[in-house]
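First up is the structure itself, then whatever we jot down about it.
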Amino acid sequence: MRLLLIEDDVELSRNLRKNLEQAGFAVDVADNGIDGEFMGKTEPYDLIVLDLGLPQRNGLEVLKNWREAGLSMLVLILTARDEWHERVEGFRNGADDYLGKPFHVEELVARINALIHRSKQQNSGSIIKAGKLILDEEYQTVSDGHDLKLELTGTEFRLLRYFMLNPGKIISKTTLTEHVYDYDSDKDSNVIEVYINKLRQKLGKQRIETRWGQGYIFRDAL
Amino acid sequence: MMKSDSLQLRLGLGLSLSLILVFIMLWFLISHSIRTLTEGYVLSHLQHDVETLLSAVQLDEKNRPRLDASKLDVIYQRPFSGHYYQINQTKTIPLRSRSLWDQTLEFDPPATGQSIKRHVSGPERQPLLLYAASYAKAGIKITIAVAEDLSPIEHDVQRFQNYFALTALLAFLMLLTLQHWLLKRSFQPLKKLHAEVQELERGNIDKLSQNVPGEIKPLVTEVNHLLSLMAERLQRSRNTLGDLAHALKTPLTLLRQLADDGALAGNEQIRTTLTQQTDKMLRLINHSLKRARLAGEGPAGSNFSINNDIPALLDTLQHMHREKEFEFISGESLPDMLALDREDLLELLGNLLDNAGKWAQHRILFSLHIDNNILKGAIEDDGPGVDQANLKLLTRRGLRLDESADGHGLGLAIVKDIIHQYSGDIQFSKVSDAGGLRVSFEIPLSTRTSLS
């Protein structure tokens with residue numbers, strides 16, 4: 001899952017980025033409204049964390065512009081001015097959730113996960129189910145519902161989460177790269193293949209099918 | 001009913017009085033002029049008659065005046081015809097016209113060469129104008145008096161006066177109606193202004209129309225200026241406070257996150273203190289900032305629209321409490337616009353509904369209606385409710401019944417501040433014995449004296 005964090009406070013932004021990456025997200029950061037709006041329009045983010053009090057362009061305006069451009073990615077608003085009229089304005093302009101400052105990072109992560117789960121018709125809580133497989137987002141492990149429980153590395157976790165949230169769909173290598181890595185990462189598509197192989201070793205070969213020239217399909221039911 | 005300090009009444013009265021005065025003066029002036037004119041005419045005609053008589057009169061051997069009747073007008077022959085003459089010679093009985101019959105004209109004869117003019121009462125009480133002149137004829141003083149009945153003239157004058165009075169009355173009534181219409185027309189802009197001020201109070205418009213007569217334009221301009229100044233000030237202070245909140249909260253958020261940092265893992269005491277103190281600071285900042293931002297009574301920033309703001313607010317709450325059902329029941333008499341500050345009311349309703357949303361199991365019922373110019377609202381949830389003892393405590397300020405439901409205490413404190421600012425009232429009660437909390441509040445819509 002790839003996130004865009006638009007927050008002008010450098011310290012807070014660094015801290016949040018660190019925590020969000022630990023939680024298994026690929027994170028890009030923008031520190032003003034104009035850059036943020038542009039990035040949100042050009043990169044395929046799954047979710048955007050948007051601060052309202054941004055320099056150069058107000059967060060609400062950025063959100064309005066995205067929605068007017070027909071972009072439907074999830075947007076979570078952060079704001080220091082935790083007032084109801086602003087909250088109402090935020091939702092009216094197409095926000096999906098709203099978090100007033102100050103907040104605990106865990107709450108932000110929980111809200112982000114809840115939003116993503118909801119958009120993919122998953123349960124609330126920190127687990128994702130796909131067939132018999134259960135992915136624990138908190139501990140970044142996967143189990144088959146019985147005794148098998150496997151630890152995952154950061155990239156494996158990100159890949160598997162993306163697969164499990166989009167079961168049965170053909171996912172191209174480019175899409176995978178875009179949603180698993182942040183903008184600054186080295187996007188060598190061969191690396192993806194390496195991780196796919198690692199996942200196949202852990203979950204069984206038939207879980208991830210290869211469609212030549214098209215991409216991969218994750219099978220939730222075997 | 002027009003009040004005694006009504007400009008329209010004052011102008012109307014003044015104009016009516018001056019009209020009445022003018023008509024009365026005209027009446028007297030014209031009546032007097034006509035009388036003078038006609039009398040002048042009668043007098044000159046009497047003078048001619050005297051001269052005719054003088055040329056016709058002869059003194060006989062006994063110095064008695066004698067007249068050649070053929071030289072005289074027949075009008076002097078008919079009894080009580082209204083035209084009379086009488087020629088006095090001091091030593092003999094006066095020679096009287098046949099029209100006088102057995103009457104005598106009583107007057108003091110003027111000296112020789114002089115003449116007099118008198119109003120006397122004649123036969124059959126006719127009001128007569130009498131003209132008499134004394135001459136010396138062959139050394140003998142004779143006085144020739146001629147009189148004419150003025151009653152036909154009096155009658156004409158009377159009739160004229162009646163006509164005049166009637167015409168004047170009609171003209172007066174017409175002028176009065178015209179004047180009333182004119183005044184009403186002139187005051188139309190004031191009526192419009194009045195209506196606009198009421199609209200302003202209800203919050204349907206945010207400034208007065210400048211399309212008014214020159215006399216009240218400065219007033220309207222001044223009011224508009226004041227309105228924009230106040231709205232600007234409110235907005236500015238709100239923005240400044242918001243910026244301050246923003247500036248303070250971000251570093252405080254960082255401080256608080258510092259407490260969760262791994263480096264402090266061993267030092268529980270510092271961690272706790274840091275968390276507690278930053279939380280306290282944040283709560284204080286939040287509370288004071290929110291309080292300071294309340295507009296309260298007086299000119300609102302912008303007004304609350306039932307049709308726009310309620311659905312948006314419920315939509316927001318639905319996003320925040322997805323599994324709960326919010327239902328809004330609108331009172332019949334509820335207008336679209338309420339003359340209450342939008343941000344204040346959103347803060348009030350948002351906090352109350354959010355609280356209800358946190359505690360409710362499935363449903364939150366929210367109703368609003370206006371009764372006697374008081375906005376009455378009630379919010380009911382189907383949650384666990386609050387027991388009797390705690391219901392009383394709830395009314396106290398800033399009390400947190402359950403620390404785990406975040407913002408509960410602050411939310412209620414702000415709610416109470418808002419209610420207080422608007423001189424309203426808030427009550428907490430049980431929905432039923434099974435549980436559920438009902439919060440009902442009242443806000444007087446306008447404490448200002450009604451304009452109408």
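Chain labels run A, B, ... following the order of the structure tokens; each chain numbers its residues from 1, and ligands are numbered from 1 in the order shown.
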Tell me, as a ChimeraX atom specification, which residues lie within 12 Å of His119 (chain B), counting only C-alpha atoms; anything in the same chain fewer than 6 positions away does not count. /B:39,43,105-107,125-132,146-151
Using the selection just defined, write its residues with C-alpha atoms as a tab-separated table (two decimals), in the first residue's frame.
chain	number	residue	atom	x	y	z
B	39	GLU	CA	-70.45	97.30	-0.43
B	43	LEU	CA	-72.05	102.73	-2.03
B	105	LEU	CA	-84.60	106.24	8.56
B	106	GLU	CA	-82.88	107.09	11.83
B	107	PHE	CA	-79.43	108.69	11.59
B	125	ARG	CA	-85.45	94.55	9.86
B	126	GLN	CA	-83.71	94.79	6.57
B	127	PRO	CA	-79.98	95.35	6.99
B	128	LEU	CA	-79.45	98.61	5.19
B	129	LEU	CA	-76.43	100.43	3.94
B	130	LEU	CA	-77.22	104.08	4.32
B	131	TYR	CA	-75.45	106.97	2.63
B	132	ALA	CA	-76.33	110.53	3.60
B	146	VAL	CA	-80.32	106.87	0.40
B	147	ALA	CA	-80.36	103.31	1.72
B	148	GLU	CA	-80.27	99.90	0.12
B	149	ASP	CA	-81.17	96.55	1.54
B	150	LEU	CA	-78.00	94.45	1.80
B	151	SER	CA	-79.73	91.17	2.49
Tell me as a compact mmCIF listing (two decimals) with C-alpha atoms, in the first residue's frame which residues belonging to chain A come within 6 Å of chain B, counting only C-alpha atoms.
# COMPACT_ATOMS: atom_id res chain seq x y z
CA ALA A 80 -4.84 21.08 14.37
CA ARG A 81 -8.02 23.13 14.17
CA TRP A 84 -16.80 20.79 13.72
CA HIS A 85 -17.45 23.23 10.92
CA VAL A 88 -18.07 19.02 8.13
CA PHE A 91 -16.23 15.43 4.62
CA PRO A 102 -2.79 15.74 18.68
Quick one: pick out all strand (DSSP E or B) residues within region 172-343 of chain B from a backbone DSSP run and write them as a list in words.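 Matching residues, listed in order: Asn303, Phe304, Ser305, Glu325, Phe326, Glu327, Phe328, Ile329, Ser330, Met337, Leu338, Ala339, Leu340 and Asp341 of chain B.
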Surrounding residues of Glu193 (chain A) excluding itself and chain neighbours under 6 positions, 12 Å, only C-alpha atoms, as a count of residues only: 15
Within region 200-329 of chain B, find each residue whose DSSP state, derived from the backbone, is alpha helix (DSSP H), and express the selection as a ChimeraX atom specification. /B:200-202,217-259,268-293,306-320
